>>> print(open('structure.csv').read())   # CSV, C-alpha atoms and all ligand atoms
chain,number,residue,atom,x,y,z
A,327,MET,CA,1.0,3.7,20.2
A,328,LYS,CA,0.5,0.7,18.1
A,329,TYR,CA,4.1,0.6,16.8
A,330,SER,CA,5.9,0.4,20.1
A,331,LEU,CA,3.4,-2.2,21.4
A,332,LEU,CA,4.0,-4.4,18.4
A,333,THR,CA,7.7,-4.1,18.8
A,334,ILE,CA,7.5,-5.2,22.4
A,335,SER,CA,5.0,-8.0,21.9
A,336,ILE,CA,7.1,-9.7,19.2
A,337,LYS,CA,10.2,-10.0,21.4
A,338,PRO,CA,8.9,-12.3,24.1
A,339,THR,CA,7.2,-14.4,21.4
A,340,LEU,CA,10.5,-14.7,19.6
A,341,ALA,CA,12.3,-15.6,22.9
A,342,ARG,CA,9.8,-18.4,23.5
A,343,LEU,CA,10.2,-19.6,20.0
A,344,ILE,CA,14.0,-19.7,20.4
A,345,LEU,CA,13.6,-21.8,23.6
A,346,VAL,CA,11.1,-24.2,22.1
A,347,LYS,CA,13.2,-24.7,19.0
A,348,LEU,CA,16.4,-25.2,21.0
A,349,ARG,CA,14.7,-27.9,23.1
A,350,LEU,CA,13.4,-29.6,20.0
A,351,VAL,CA,16.9,-29.6,18.6
A,352,LYS,CA,18.3,-31.1,21.8
A,353,LEU,CA,15.7,-33.9,21.8
A,354,THR,CA,15.7,-34.8,18.1
A,355,PHE,CA,19.5,-34.7,17.7
A,356,ALA,CA,20.6,-36.2,21.0
A,357,LYS,CA,22.0,-39.3,19.2
A,358,LEU,CA,23.8,-37.5,16.5
A,359,THR,CA,27.6,-37.3,16.4
A,360,PHE,CA,29.2,-34.2,17.8
A,361,ALA,CA,30.2,-32.9,14.3
A,362,LYS,CA,26.7,-33.3,12.9
A,363,LEU,CA,25.2,-31.7,16.0
A,364,ALA,CA,27.6,-28.7,15.7
A,365,PHE,CA,26.6,-28.3,12.0
A,366,VAL,CA,22.9,-28.5,12.9
A,367,LYS,CA,23.3,-25.9,15.7
A,368,LEU,CA,25.2,-23.6,13.3
A,369,ALA,CA,22.5,-23.9,10.7
A,370,PHE,CA,19.8,-23.3,13.3
A,371,CYS,CA,21.5,-20.2,14.6
A,372,CYS,CA,21.6,-18.8,11.0
A,373,VAL,CA,17.9,-19.4,10.7
A,374,LEU,CA,17.2,-17.7,14.1
A,375,LEU,CA,19.4,-14.8,13.1
A,376,MET,CA,17.5,-14.3,9.9
A,377,HIS,CA,14.2,-14.6,11.8
A,378,CYS,CA,15.5,-11.9,14.2
A,379,PHE,CA,16.5,-9.5,11.4
A,380,HIS,CA,13.1,-10.0,9.7
A,381,ALA,CA,11.2,-9.3,12.9
A,382,MET,CA,13.3,-6.2,13.4
A,383,SER,CA,12.9,-5.0,9.9
A,384,VAL,CA,9.1,-5.1,10.1
A,385,THR,CA,8.8,-3.5,13.5
A,386,GLN,CA,11.4,-0.7,13.5
A,387,ASP,CA,11.8,2.5,11.6
A,388,GLN,CA,8.6,2.1,9.7
A,389,PHE,CA,8.5,5.8,9.1
A,390,LYS,CA,10.5,8.9,9.9
A,391,VAL,CA,8.9,12.3,10.2
A,392,HIS,CA,10.6,15.5,8.9
A,393,GLY,CA,9.6,19.1,9.6
A,394,LEU,CA,8.1,18.8,13.0
A,395,SER,CA,10.2,21.6,14.3
A,396,ALA,CA,8.0,24.0,12.3
A,397,PHE,CA,5.1,23.3,14.8
A,398,GLU,CA,4.5,23.8,18.4
A,399,ASN,CA,4.9,20.8,20.8
A,400,GLU,CA,1.2,20.1,21.2
A,401,GLN,CA,0.6,20.3,17.4
A,402,ALA,CA,3.7,18.2,16.6
A,403,LYS,CA,2.4,15.5,19.0
A,404,MET,CA,-1.0,15.5,17.2
A,405,LEU,CA,0.7,15.3,13.8
A,406,LYS,CA,2.8,12.4,14.9
A,407,ASP,CA,-0.3,10.6,16.3
A,408,TRP,CA,-2.0,11.2,13.0
A,409,LEU,CA,0.9,9.8,10.9
A,410,THR,CA,1.3,6.8,13.2
A,411,GLN,CA,-2.4,6.0,12.8
A,412,GLY,CA,-2.2,6.5,9.0
A,413,VAL,CA,0.9,4.3,8.6
A,414,ASN,CA,-0.7,1.6,10.8
A,415,ALA,CA,-4.0,1.7,8.9
A,416,THR,CA,-2.2,1.4,5.6
A,417,ARG,CA,0.0,-1.4,6.9
A,418,ASP,CA,-3.1,-3.3,8.1
A,419,THR,CA,-4.5,-3.2,4.6
A,420,LEU,CA,-1.5,-3.3,2.2
A,421,GLY,CA,1.1,-5.0,4.3
A,422,VAL,CA,4.5,-3.8,5.7
A,423,TYR,CA,6.4,-1.9,3.1
A,424,PRO,CA,10.0,-3.1,2.7
A,425,THR,CA,11.4,0.4,2.8
A,426,PRO,CA,10.8,2.8,5.7
A,427,LEU,CA,8.6,5.8,4.8
A,428,ALA,CA,10.0,9.3,4.9
A,429,LEU,CA,7.2,11.7,5.7
A,430,HIS,CA,7.7,15.5,5.4
A,431,LEU,CA,5.3,18.1,6.9
A,432,TYR,CA,4.8,21.7,6.1
A,433,PRO,CA,2.5,24.2,7.7
A,434,ARG,CA,-0.1,25.8,5.5
A,435,GLU,CA,-3.3,27.6,6.3
A,436,SER,CA,-6.4,26.3,4.4
A,437,ASN,CA,-10.0,25.4,4.7
A,438,GLN,CA,-9.1,21.7,5.1
A,439,PRO,CA,-6.5,19.7,7.2
A,440,VAL,CA,-4.4,18.5,4.3
A,441,PRO,CA,-4.8,20.9,1.4
A,442,TRP,CA,-1.9,19.7,-0.6
A,443,ALA,CA,0.2,16.5,-0.7
A,444,TYR,CA,2.4,14.6,-3.1
A,445,THR,CA,4.9,11.8,-3.3
A,446,ARG,CA,8.5,12.1,-4.5
A,447,ARG,CA,9.9,9.0,-6.1
A,448,ASP,CA,13.6,9.9,-6.3
A,449,GLY,CA,15.8,7.5,-4.3
A,450,LYS,CA,13.8,5.6,-1.7
A,451,GLY,CA,10.8,7.9,-2.2
A,452,SER,CA,9.0,10.2,0.3
A,453,VAL,CA,5.6,11.6,1.1
A,454,HIS,CA,5.1,15.4,1.5
A,455,LEU,CA,2.1,16.8,3.3
A,456,HIS,CA,1.0,20.4,3.7
A,457,VAL,CA,-1.1,20.6,6.9
A,458,ASP,CA,-3.3,23.1,8.7
A,459,VAL,CA,-3.0,22.3,12.4
A,460,ARG,CA,-5.9,24.5,13.3
A,461,PHE,CA,-7.9,21.3,12.6
A,462,GLY,CA,-8.0,18.6,15.3
A,463,LEU,CA,-6.8,15.0,15.2
A,464,THR,CA,-10.2,13.6,14.2
A,465,LYS,CA,-10.4,15.8,11.2
A,466,PHE,CA,-6.9,14.7,10.1
A,467,VAL,CA,-7.7,11.0,10.7
A,468,ASP,CA,-10.9,11.2,8.7
A,469,ASP,CA,-9.2,12.9,5.8
A,470,TRP,CA,-8.5,10.5,2.9
A,471,THR,CA,-5.2,12.2,1.7
A,472,ILE,CA,-2.8,10.4,3.9
A,473,TYR,CA,-4.1,7.0,2.9
A,474,HIS,CA,-4.0,7.9,-0.8
A,475,GLU,CA,-0.4,9.1,-0.6
A,476,LEU,CA,0.8,6.1,1.5
A,477,ALA,CA,-1.0,3.7,-0.9
A,478,HIS,CA,1.1,5.2,-3.8
A,479,MET,CA,4.2,3.9,-2.0
A,480,ALA,CA,3.0,0.2,-2.3
A,481,LEU,CA,4.1,0.4,-6.0
A,482,PRO,CA,7.3,1.7,-7.6
A,483,TYR,CA,7.3,4.8,-9.7
A,484,LEU,CA,5.5,3.9,-12.9
A,485,GLY,CA,6.4,6.8,-15.1
A,486,ASP,CA,4.3,9.6,-16.6
A,487,GLU,CA,2.8,7.2,-19.2
A,488,TYR,CA,1.1,5.2,-16.4
A,489,ARG,CA,0.1,8.0,-14.1
A,490,TRP,CA,-3.5,7.0,-14.6
A,491,PHE,CA,-2.6,3.5,-13.3
A,492,SER,CA,-0.8,4.9,-10.3
A,493,GLU,CA,-3.5,7.4,-9.4
A,494,GLY,CA,-6.2,4.9,-10.1
A,495,PHE,CA,-4.5,2.5,-7.7
A,496,ALA,CA,-4.1,5.1,-4.9
A,497,SER,CA,-7.7,6.2,-5.3
A,498,PHE,CA,-9.0,2.7,-5.1
A,499,MET,CA,-6.8,1.9,-2.1
A,500,GLN,CA,-7.5,5.0,-0.1
A,501,TYR,CA,-11.1,3.7,0.5
A,502,GLN,CA,-10.0,0.1,1.1
A,503,ILE,CA,-7.6,1.4,3.9
A,504,MET,CA,-10.3,3.7,5.4
A,505,ALA,CA,-12.9,0.9,5.3
A,506,GLN,CA,-10.7,-1.6,7.0
A,507,ALA,CA,-9.8,1.0,9.7
A,508,GLY,CA,-13.5,1.7,10.3
A,509,LEU,CA,-13.1,5.3,9.0
A,510,LEU,CA,-15.1,5.2,5.8
A,511,LYS,CA,-18.6,6.7,6.0
A,512,GLY,CA,-21.1,4.4,4.2
A,513,LYS,CA,-20.5,1.2,2.3
A,514,LEU,CA,-17.3,0.7,0.3
A,515,VAL,CA,-19.2,0.0,-2.9
A,516,ASP,CA,-21.4,3.1,-2.5
A,517,ASN,CA,-18.3,5.3,-2.1
A,518,TYR,CA,-16.8,3.8,-5.3
A,519,HIS,CA,-20.2,4.3,-7.1
A,520,THR,CA,-20.4,8.0,-6.1
A,521,LYS,CA,-16.8,8.7,-7.3
A,522,ILE,CA,-16.7,6.6,-10.4
A,523,SER,CA,-20.2,6.9,-11.9
A,524,PRO,CA,-19.9,10.5,-13.1
A,525,HIS,CA,-16.8,9.7,-15.1
A,526,LEU,CA,-18.0,6.5,-17.0
A,527,ARG,CA,-19.3,8.6,-19.9
A,528,TRP,CA,-15.7,9.5,-20.9
A,529,PHE,CA,-15.1,5.8,-21.5
A,530,ASN,CA,-18.1,5.2,-23.7
A,531,SER,CA,-15.8,5.4,-26.7
A,532,ASP,CA,-14.0,3.4,-29.4
A,533,LEU,CA,-10.7,4.7,-28.2
A,534,THR,CA,-8.8,2.6,-25.7
A,535,ALA,CA,-9.3,3.1,-21.9
A,536,ALA,CA,-5.6,3.7,-21.4
A,537,SER,CA,-5.5,6.4,-24.0
A,538,ILE,CA,-8.7,8.1,-22.6
A,539,ALA,CA,-7.3,8.0,-19.0
A,540,THR,CA,-4.0,9.4,-20.2
A,541,ARG,CA,-5.7,12.2,-22.1
A,542,LEU,CA,-7.9,13.1,-19.1
A,543,MET,CA,-4.7,13.3,-17.0
A,544,ASP,CA,-3.0,15.5,-19.6
A,545,ASN,CA,-6.1,17.8,-19.7
A,546,GLN,CA,-5.9,18.1,-15.9
A,547,GLN,CA,-9.3,16.5,-15.6
A,548,TYR,CA,-8.1,14.8,-12.4
A,549,PRO,CA,-11.2,13.4,-10.8
A,550,ALA,CA,-12.1,11.8,-14.2
A,551,ALA,CA,-8.6,10.4,-14.7
A,552,TYR,CA,-8.1,9.2,-11.1
A,553,TRP,CA,-11.5,7.5,-10.7
A,554,GLY,CA,-11.6,6.3,-14.3
A,555,GLY,CA,-8.3,4.7,-13.6
A,556,ALA,CA,-9.6,3.3,-10.3
A,557,TYR,CA,-12.0,1.2,-12.3
A,558,PHE,CA,-9.1,-1.0,-13.5
A,559,PHE,CA,-8.7,-2.1,-9.8
A,560,ILE,CA,-12.4,-2.6,-9.4
A,561,ILE,CA,-12.3,-5.1,-12.2
A,562,ALA,CA,-9.0,-6.7,-10.9
A,563,ASP,CA,-10.5,-7.1,-7.4
A,564,GLN,CA,-13.7,-8.7,-8.8
A,565,LEU,CA,-11.6,-11.2,-10.9
A,566,LEU,CA,-9.4,-12.0,-7.9
A,567,ILE,CA,-12.4,-12.8,-5.7
A,568,LYS,CA,-14.0,-14.9,-8.4
A,569,ARG,CA,-11.0,-16.8,-9.7
A,570,HIS,CA,-8.6,-16.9,-6.8
A,571,SER,CA,-10.7,-16.4,-3.7
A,572,THR,CA,-8.5,-13.5,-2.7
A,573,THR,CA,-8.7,-9.7,-2.9
A,574,LEU,CA,-6.5,-7.1,-4.4
A,575,THR,CA,-5.4,-5.8,-0.9
A,576,GLU,CA,-4.4,-9.3,0.1
A,577,LEU,CA,-2.4,-9.7,-3.1
A,578,ILE,CA,-0.7,-6.4,-2.6
A,579,THR,CA,0.3,-7.4,1.0
A,580,HIS,CA,1.9,-10.5,-0.4
A,581,TYR,CA,3.5,-8.4,-3.2
A,582,GLN,CA,5.3,-6.3,-0.5
A,583,ASP,CA,7.0,-9.4,0.9
A,584,CYS,CA,8.1,-11.0,-2.4
A,585,CYS,CA,8.5,-8.4,-5.0
A,586,ARG,CA,8.2,-4.7,-4.2
A,587,THR,CA,11.9,-4.1,-3.7
A,588,HIS,CA,13.0,-5.6,-7.0
A,589,ASP,CA,10.3,-4.0,-9.3
A,590,LYS,CA,11.2,-0.9,-11.3
A,591,ASN,CA,8.3,-0.3,-13.6
A,592,LEU,CA,4.8,-1.4,-14.5
A,593,ALA,CA,6.0,-4.3,-16.6
A,594,ASP,CA,7.8,-5.6,-13.5
A,595,VAL,CA,4.8,-5.1,-11.3
A,596,VAL,CA,2.4,-6.9,-13.7
A,597,THR,CA,4.9,-9.8,-14.1
A,598,SER,CA,5.2,-10.1,-10.3
A,599,LEU,CA,1.4,-10.0,-9.6
A,600,ASP,CA,0.8,-12.5,-12.4
A,601,GLY,CA,3.6,-14.7,-11.0
A,602,ILE,CA,2.1,-14.8,-7.5
A,603,LEU,CA,-1.3,-15.8,-9.0
A,604,ASN,CA,0.2,-18.1,-11.6
A,605,GLU,CA,-2.2,-16.6,-14.1
A,606,ALA,CA,-1.8,-13.7,-16.6
A,607,LEU,CA,-4.6,-11.8,-15.0
A,608,PHE,CA,-3.0,-8.4,-14.8
A,609,SER,CA,-1.2,-8.5,-18.1
A,610,ARG,CA,-4.4,-9.5,-19.8
A,611,LEU,CA,-6.4,-6.7,-18.1
A,612,LEU,CA,-3.7,-4.2,-19.0
A,613,GLU,CA,-3.7,-5.4,-22.6
A,614,GLN,CA,-7.4,-4.8,-22.7
A,615,TYR,CA,-6.9,-1.3,-21.4
A,616,GLU,CA,-4.3,-0.6,-24.1
A,617,ASN,CA,-5.9,-2.3,-27.1
A,618,LYS,CA,-9.7,-2.8,-26.7
A,619,PRO,CA,-12.3,0.0,-27.3
A,620,ALA,CA,-13.1,1.4,-23.8
A,621,ARG,CA,-16.8,0.8,-24.2
A,622,GLU,CA,-16.1,-2.9,-24.2
A,623,VAL,CA,-14.2,-2.7,-20.9
A,624,TYR,CA,-16.3,-0.1,-19.0
A,625,PRO,CA,-20.0,-0.4,-18.3
A,626,GLU,CA,-22.5,2.4,-19.1
A,627,ASN,CA,-23.6,2.3,-15.5
A,628,PHE,CA,-21.6,1.3,-12.4
A,629,GLU,CA,-23.0,-2.0,-11.1
B,1,ZN,ZN,-2.1,10.4,-6.0
>>> encode(input="structure.csv", output="structure tokens", more="lines below")
Ligand SMILES: [Zn+2]
Amino acid sequence: MKYSLLTISIKPTLARLILVKLRLVKLTFAKLTFAKLAFVKLAFCCVLLMHCFHAMSVTQDQFKVHGLSAFENEQAKMLKDWLTQGVNATRDTLGVYPTPLALHLYPRESNQPVPWAYTRRDGKGSVHLHVDVRFGLTKFVDDWTIYHELAHMALPYLGDEYRWFSEGFASFMQYQIMAQAGLLKGKLVDNYHTKISPHLRWFNSDLTAASIATRLMDNQQYPAAYWGGAYFFIIADQLLIKRHSTTLTELITHYQDCCRTHDKNLADVVTSLDGILNEALFSRLLEQYENKPAREVYPENFE
């Protein structure tokens, strides 16, 4: 599996790095006094130790599966393979999350592999997936649910008020992850077009986009709320490509390294993302969503 391979492959690289760095230290500091050399060695060991811990933290315990005992051996293996693939695909697109993922499985008969799933954001957060194991591995891997739920964990809990933002983010990202993993059928833009276009009419209004998305969520018009919210990230991605020669997925990867652990709410997230860019791109876009008439932010037709 990809995880164990990566763990093994980093270790020899690290060992080589240590040897090369030690040789360099020997050569460069051959003429230094004993005291200075001891200090340099000590400092160098600290750097190496930090490097080791970092390498360990990104390769070990990336996720823990709970609830496998409810399934037969063969099914449990299939579910583990599916989750490994899902976590790896998410990590390839959104980066390595600083906190290991807790994934909970529950058996449930249905007409689809993952009929029900949600995230819990208490403590470190966890993902809960109800699964029908009568479906095979391919059906599980092709299902968008796991990528959507794992994408949620790239951001902290944003509160009820910003559920449209959180669901919009996960909806936008589920297809980014699937596209990068080669699992998305058709072009990325066509998939967004199909999902977002039917809901643009709700935003042809003088009310703000944030208030419309919140109302759609409160009225349980979920596809409209989710995909209407996803348009925020379509705009953000386009701005990032144009102004910063980067993409939203690249930015979120960077965000995992610098900021994810410290952020507690949407204001923190927006500040962090703007900080990375050195431009108030996200705070300005959010301000438009909260203050401008939605018809000035959303097009009549998806382009
Ligand atoms: Zn969601």
>>> atom_distance(input="structure.csv", atom1="atom CA of Pro441 of chain A", atom2="atom CA of Gly508 of chain A")
22.9 Å
>>> residues_around(input="structure.csv", residues="His525 of chain A", least_positions_apart="6", cutoff="8 Å", atoms="all atoms listed in the file", output="mmCIF file with C-alpha atoms, in the coordinates of the input")
data_model
loop_
_atom_site.group_PDB
_atom_site.id
_atom_site.type_symbol
_atom_site.label_atom_id
_atom_site.label_comp_id
_atom_site.auth_asym_id
_atom_site.auth_seq_id
_atom_site.Cartn_x
_atom_site.Cartn_y
_atom_site.Cartn_z
ATOM 1 C CA PRO A 549 -11.200 13.400 -10.800
ATOM 2 C CA ALA A 550 -12.100 11.800 -14.200
ATOM 3 C CA TRP A 553 -11.500 7.500 -10.700
ATOM 4 C CA GLY A 554 -11.600 6.300 -14.300
#
>>> atom_distance(input="structure.csv", atom1="atom CA of Leu405 of chain A", atom2="atom CA of Ser452 of chain A")
16.6 Å
>>> atom_distance(input="structure.csv", atom1="atom CA of Ser531 of chain A", atom2="atom CA of Pro619 of chain A")
6.5 Å
>>> residues_around(input="structure.csv", residues="segment 591-608 of chain A", least_positions_apart="6", cutoff="12 Å", atoms="all atoms listed in the file", output="JSON list (two decimals) with C-alpha atoms, in the frame of the given file")
[["chain", "number", "residue", "atom", "x", "y", "z"],
["A", 480, "ALA", "CA", 3.00, 0.20, -2.30],
["A", 481, "LEU", "CA", 4.10, 0.40, -6.00],
["A", 482, "PRO", "CA", 7.30, 1.70, -7.60],
["A", 483, "TYR", "CA", 7.30, 4.80, -9.70],
["A", 484, "LEU", "CA", 5.50, 3.90, -12.90],
["A", 485, "GLY", "CA", 6.40, 6.80, -15.10],
["A", 486, "ASP", "CA", 4.30, 9.60, -16.60],
["A", 487, "GLU", "CA", 2.80, 7.20, -19.20],
["A", 488, "TYR", "CA", 1.10, 5.20, -16.40],
["A", 489, "ARG", "CA", 0.10, 8.00, -14.10],
["A", 490, "TRP", "CA", -3.50, 7.00, -14.60],
["A", 491, "PHE", "CA", -2.60, 3.50, -13.30],
["A", 492, "SER", "CA", -0.80, 4.90, -10.30],
["A", 558, "PHE", "CA", -9.10, -1.00, -13.50],
["A", 559, "PHE", "CA", -8.70, -2.10, -9.80],
["A", 561, "ILE", "CA", -12.30, -5.10, -12.20],
["A", 562, "ALA", "CA", -9.00, -6.70, -10.90],
["A", 563, "ASP", "CA", -10.50, -7.10, -7.40],
["A", 564, "GLN", "CA", -13.70, -8.70, -8.80],
["A", 565, "LEU", "CA", -11.60, -11.20, -10.90],
["A", 566, "LEU", "CA", -9.40, -12.00, -7.90],
["A", 567, "ILE", "CA", -12.40, -12.80, -5.70],
["A", 568, "LYS", "CA", -14.00, -14.90, -8.40],
["A", 569, "ARG", "CA", -11.00, -16.80, -9.70],
["A", 570, "HIS", "CA", -8.60, -16.90, -6.80],
["A", 571, "SER", "CA", -10.70, -16.40, -3.70],
["A", 572, "THR", "CA", -8.50, -13.50, -2.70],
["A", 573, "THR", "CA", -8.70, -9.70, -2.90],
["A", 574, "LEU", "CA", -6.50, -7.10, -4.40],
["A", 575, "THR", "CA", -5.40, -5.80, -0.90],
["A", 576, "GLU", "CA", -4.40, -9.30, 0.10],
["A", 577, "LEU", "CA", -2.40, -9.70, -3.10],
["A", 578, "ILE", "CA", -0.70, -6.40, -2.60],
["A", 579, "THR", "CA", 0.30, -7.40, 1.00],
["A", 580, "HIS", "CA", 1.90, -10.50, -0.40],
["A", 581, "TYR", "CA", 3.50, -8.40, -3.20],
["A", 582, "GLN", "CA", 5.30, -6.30, -0.50],
["A", 583, "ASP", "CA", 7.00, -9.40, 0.90],
["A", 584, "CYS", "CA", 8.10, -11.00, -2.40],
["A", 585, "CYS", "CA", 8.50, -8.40, -5.00],
["A", 614, "GLN", "CA", -7.40, -4.80, -22.70],
["A", 615, "TYR", "CA", -6.90, -1.30, -21.40]]
>>> closest_residue(input="structure.csv", among="A:Asp468, A:Glu613, A:Glu475, A:Asp532", to="ligand ZN 1 (chain B)", atoms="only C-alpha atoms and all ligand atoms")
A:Glu475
>>> closest_atom_pairs(input="structure.csv", of="chain A", to="ligand ZN 1 (chain B)", cutoff="9 Å", atoms="only C-alpha atoms and all ligand atoms", output="tab-separated table")
residue	atom	partner	partner_atom	distance
A:Ala443	CA	B:ZN1	ZN	8.4
A:Tyr444	CA	B:ZN1	ZN	6.8
A:Thr445	CA	B:ZN1	ZN	7.6
A:Thr471	CA	B:ZN1	ZN	8.5
A:His474	CA	B:ZN1	ZN	6.1
A:Glu475	CA	B:ZN1	ZN	5.8
A:Ala477	CA	B:ZN1	ZN	8.5
A:His478	CA	B:ZN1	ZN	6.5
A:Arg489	CA	B:ZN1	ZN	8.7
A:Ser492	CA	B:ZN1	ZN	7.1
A:Glu493	CA	B:ZN1	ZN	4.7
A:Gly494	CA	B:ZN1	ZN	8.0
A:Phe495	CA	B:ZN1	ZN	8.4
A:Ala496	CA	B:ZN1	ZN	5.8
A:Ser497	CA	B:ZN1	ZN	7.0
A:Tyr552	CA	B:ZN1	ZN	8.0
>>> write_last_selection(input="structure.csv", atoms="C-alpha atoms", output="PDB file, in the frame of the given file")
ATOM      1  CA  ALA A 443       0.200  16.500  -0.700  1.00  0.00           C
ATOM      2  CA  TYR A 444       2.400  14.600  -3.100  1.00  0.00           C
ATOM      3  CA  THR A 445       4.900  11.800  -3.300  1.00  0.00           C
ATOM      4  CA  THR A 471      -5.200  12.200   1.700  1.00  0.00           C
ATOM      5  CA  HIS A 474      -4.000   7.900  -0.800  1.00  0.00           C
ATOM      6  CA  GLU A 475      -0.400   9.100  -0.600  1.00  0.00           C
ATOM      7  CA  ALA A 477      -1.000   3.700  -0.900  1.00  0.00           C
ATOM      8  CA  HIS A 478       1.100   5.200  -3.800  1.00  0.00           C
ATOM      9  CA  ARG A 489       0.100   8.000 -14.100  1.00  0.00           C
ATOM     10  CA  SER A 492      -0.800   4.900 -10.300  1.00  0.00           C
ATOM     11  CA  GLU A 493      -3.500   7.400  -9.400  1.00  0.00           C
ATOM     12  CA  GLY A 494      -6.200   4.900 -10.100  1.00  0.00           C
ATOM     13  CA  PHE A 495      -4.500   2.500  -7.700  1.00  0.00           C
ATOM     14  CA  ALA A 496      -4.100   5.100  -4.900  1.00  0.00           C
ATOM     15  CA  SER A 497      -7.700   6.200  -5.300  1.00  0.00           C
ATOM     16  CA  TYR A 552      -8.100   9.200 -11.100  1.00  0.00           C
TER      17      TYR A 552
END
>>> build_atoms(input="structure.csv", residues="segment 505-522 of chain A", atoms="N, CA and C atoms", output="PDB file, in the coordinates of the input")
ATOM      1  N   ALA A 505     -11.876   1.882   4.920  1.00  0.00           N
ATOM      2  CA  ALA A 505     -12.900   0.900   5.300  1.00  0.00           C
ATOM      3  C   ALA A 505     -12.450  -0.053   6.309  1.00  0.00           C
ATOM      4  N   GLN A 506     -11.247  -0.590   6.092  1.00  0.00           N
ATOM      5  CA  GLN A 506     -10.700  -1.600   7.000  1.00  0.00           C
ATOM      6  C   GLN A 506     -10.417  -0.959   8.397  1.00  0.00           C
ATOM      7  N   ALA A 507     -10.078   0.332   8.415  1.00  0.00           N
ATOM      8  CA  ALA A 507      -9.800   1.000   9.700  1.00  0.00           C
ATOM      9  C   ALA A 507     -11.069   1.526  10.351  1.00  0.00           C
ATOM     10  N   GLY A 508     -12.214   1.280   9.705  1.00  0.00           N
ATOM     11  CA  GLY A 508     -13.500   1.700  10.300  1.00  0.00           C
ATOM     12  C   GLY A 508     -13.713   3.219  10.138  1.00  0.00           C
ATOM     13  N   LEU A 509     -13.045   3.849   9.168  1.00  0.00           N
ATOM     14  CA  LEU A 509     -13.100   5.300   9.000  1.00  0.00           C
ATOM     15  C   LEU A 509     -14.010   5.743   7.861  1.00  0.00           C
ATOM     16  N   LEU A 510     -14.380   4.800   7.008  1.00  0.00           N
ATOM     17  CA  LEU A 510     -15.100   5.200   5.800  1.00  0.00           C
ATOM     18  C   LEU A 510     -16.616   5.337   6.158  1.00  0.00           C
ATOM     19  N   LYS A 511     -17.166   6.454   5.745  1.00  0.00           N
ATOM     20  CA  LYS A 511     -18.600   6.700   6.000  1.00  0.00           C
ATOM     21  C   LYS A 511     -19.378   6.007   4.864  1.00  0.00           C
ATOM     22  N   GLY A 512     -20.337   5.159   5.220  1.00  0.00           N
ATOM     23  CA  GLY A 512     -21.100   4.400   4.200  1.00  0.00           C
ATOM     24  C   GLY A 512     -20.382   3.213   3.709  1.00  0.00           C
ATOM     25  N   LYS A 513     -21.060   2.478   2.795  1.00  0.00           N
ATOM     26  CA  LYS A 513     -20.500   1.200   2.300  1.00  0.00           C
ATOM     27  C   LYS A 513     -19.383   1.532   1.277  1.00  0.00           C
ATOM     28  N   LEU A 514     -18.414   0.614   1.207  1.00  0.00           N
ATOM     29  CA  LEU A 514     -17.300   0.700   0.300  1.00  0.00           C
ATOM     30  C   LEU A 514     -17.812   0.898  -1.164  1.00  0.00           C
ATOM     31  N   VAL A 515     -18.717  -0.006  -1.548  1.00  0.00           N
ATOM     32  CA  VAL A 515     -19.200   0.000  -2.900  1.00  0.00           C
ATOM     33  C   VAL A 515     -19.963   1.291  -3.249  1.00  0.00           C
ATOM     34  N   ASP A 516     -20.652   1.848  -2.273  1.00  0.00           N
ATOM     35  CA  ASP A 516     -21.400   3.100  -2.500  1.00  0.00           C
ATOM     36  C   ASP A 516     -20.404   4.269  -2.695  1.00  0.00           C
ATOM     37  N   ASN A 517     -19.305   4.230  -1.958  1.00  0.00           N
ATOM     38  CA  ASN A 517     -18.300   5.300  -2.100  1.00  0.00           C
ATOM     39  C   ASN A 517     -17.664   5.216  -3.526  1.00  0.00           C
ATOM     40  N   TYR A 518     -17.358   3.992  -3.986  1.00  0.00           N
ATOM     41  CA  TYR A 518     -16.800   3.800  -5.300  1.00  0.00           C
ATOM     42  C   TYR A 518     -17.847   4.310  -6.373  1.00  0.00           C
ATOM     43  N   HIS A 519     -19.084   3.912  -6.146  1.00  0.00           N
ATOM     44  CA  HIS A 519     -20.200   4.300  -7.100  1.00  0.00           C
ATOM     45  C   HIS A 519     -20.244   5.796  -7.213  1.00  0.00           C
ATOM     46  N   THR A 520     -20.252   6.498  -6.090  1.00  0.00           N
ATOM     47  CA  THR A 520     -20.400   8.000  -6.100  1.00  0.00           C
ATOM     48  C   THR A 520     -19.194   8.595  -6.860  1.00  0.00           C
ATOM     49  N   LYS A 521     -18.000   8.065  -6.653  1.00  0.00           N
ATOM     50  CA  LYS A 521     -16.800   8.700  -7.300  1.00  0.00           C
ATOM     51  C   LYS A 521     -16.655   8.291  -8.736  1.00  0.00           C
ATOM     52  N   ILE A 522     -16.966   7.040  -9.093  1.00  0.00           N
ATOM     53  CA  ILE A 522     -16.700   6.600 -10.400  1.00  0.00           C
ATOM     54  C   ILE A 522     -17.788   6.869 -11.448  1.00  0.00           C
TER      55      ILE A 522
END
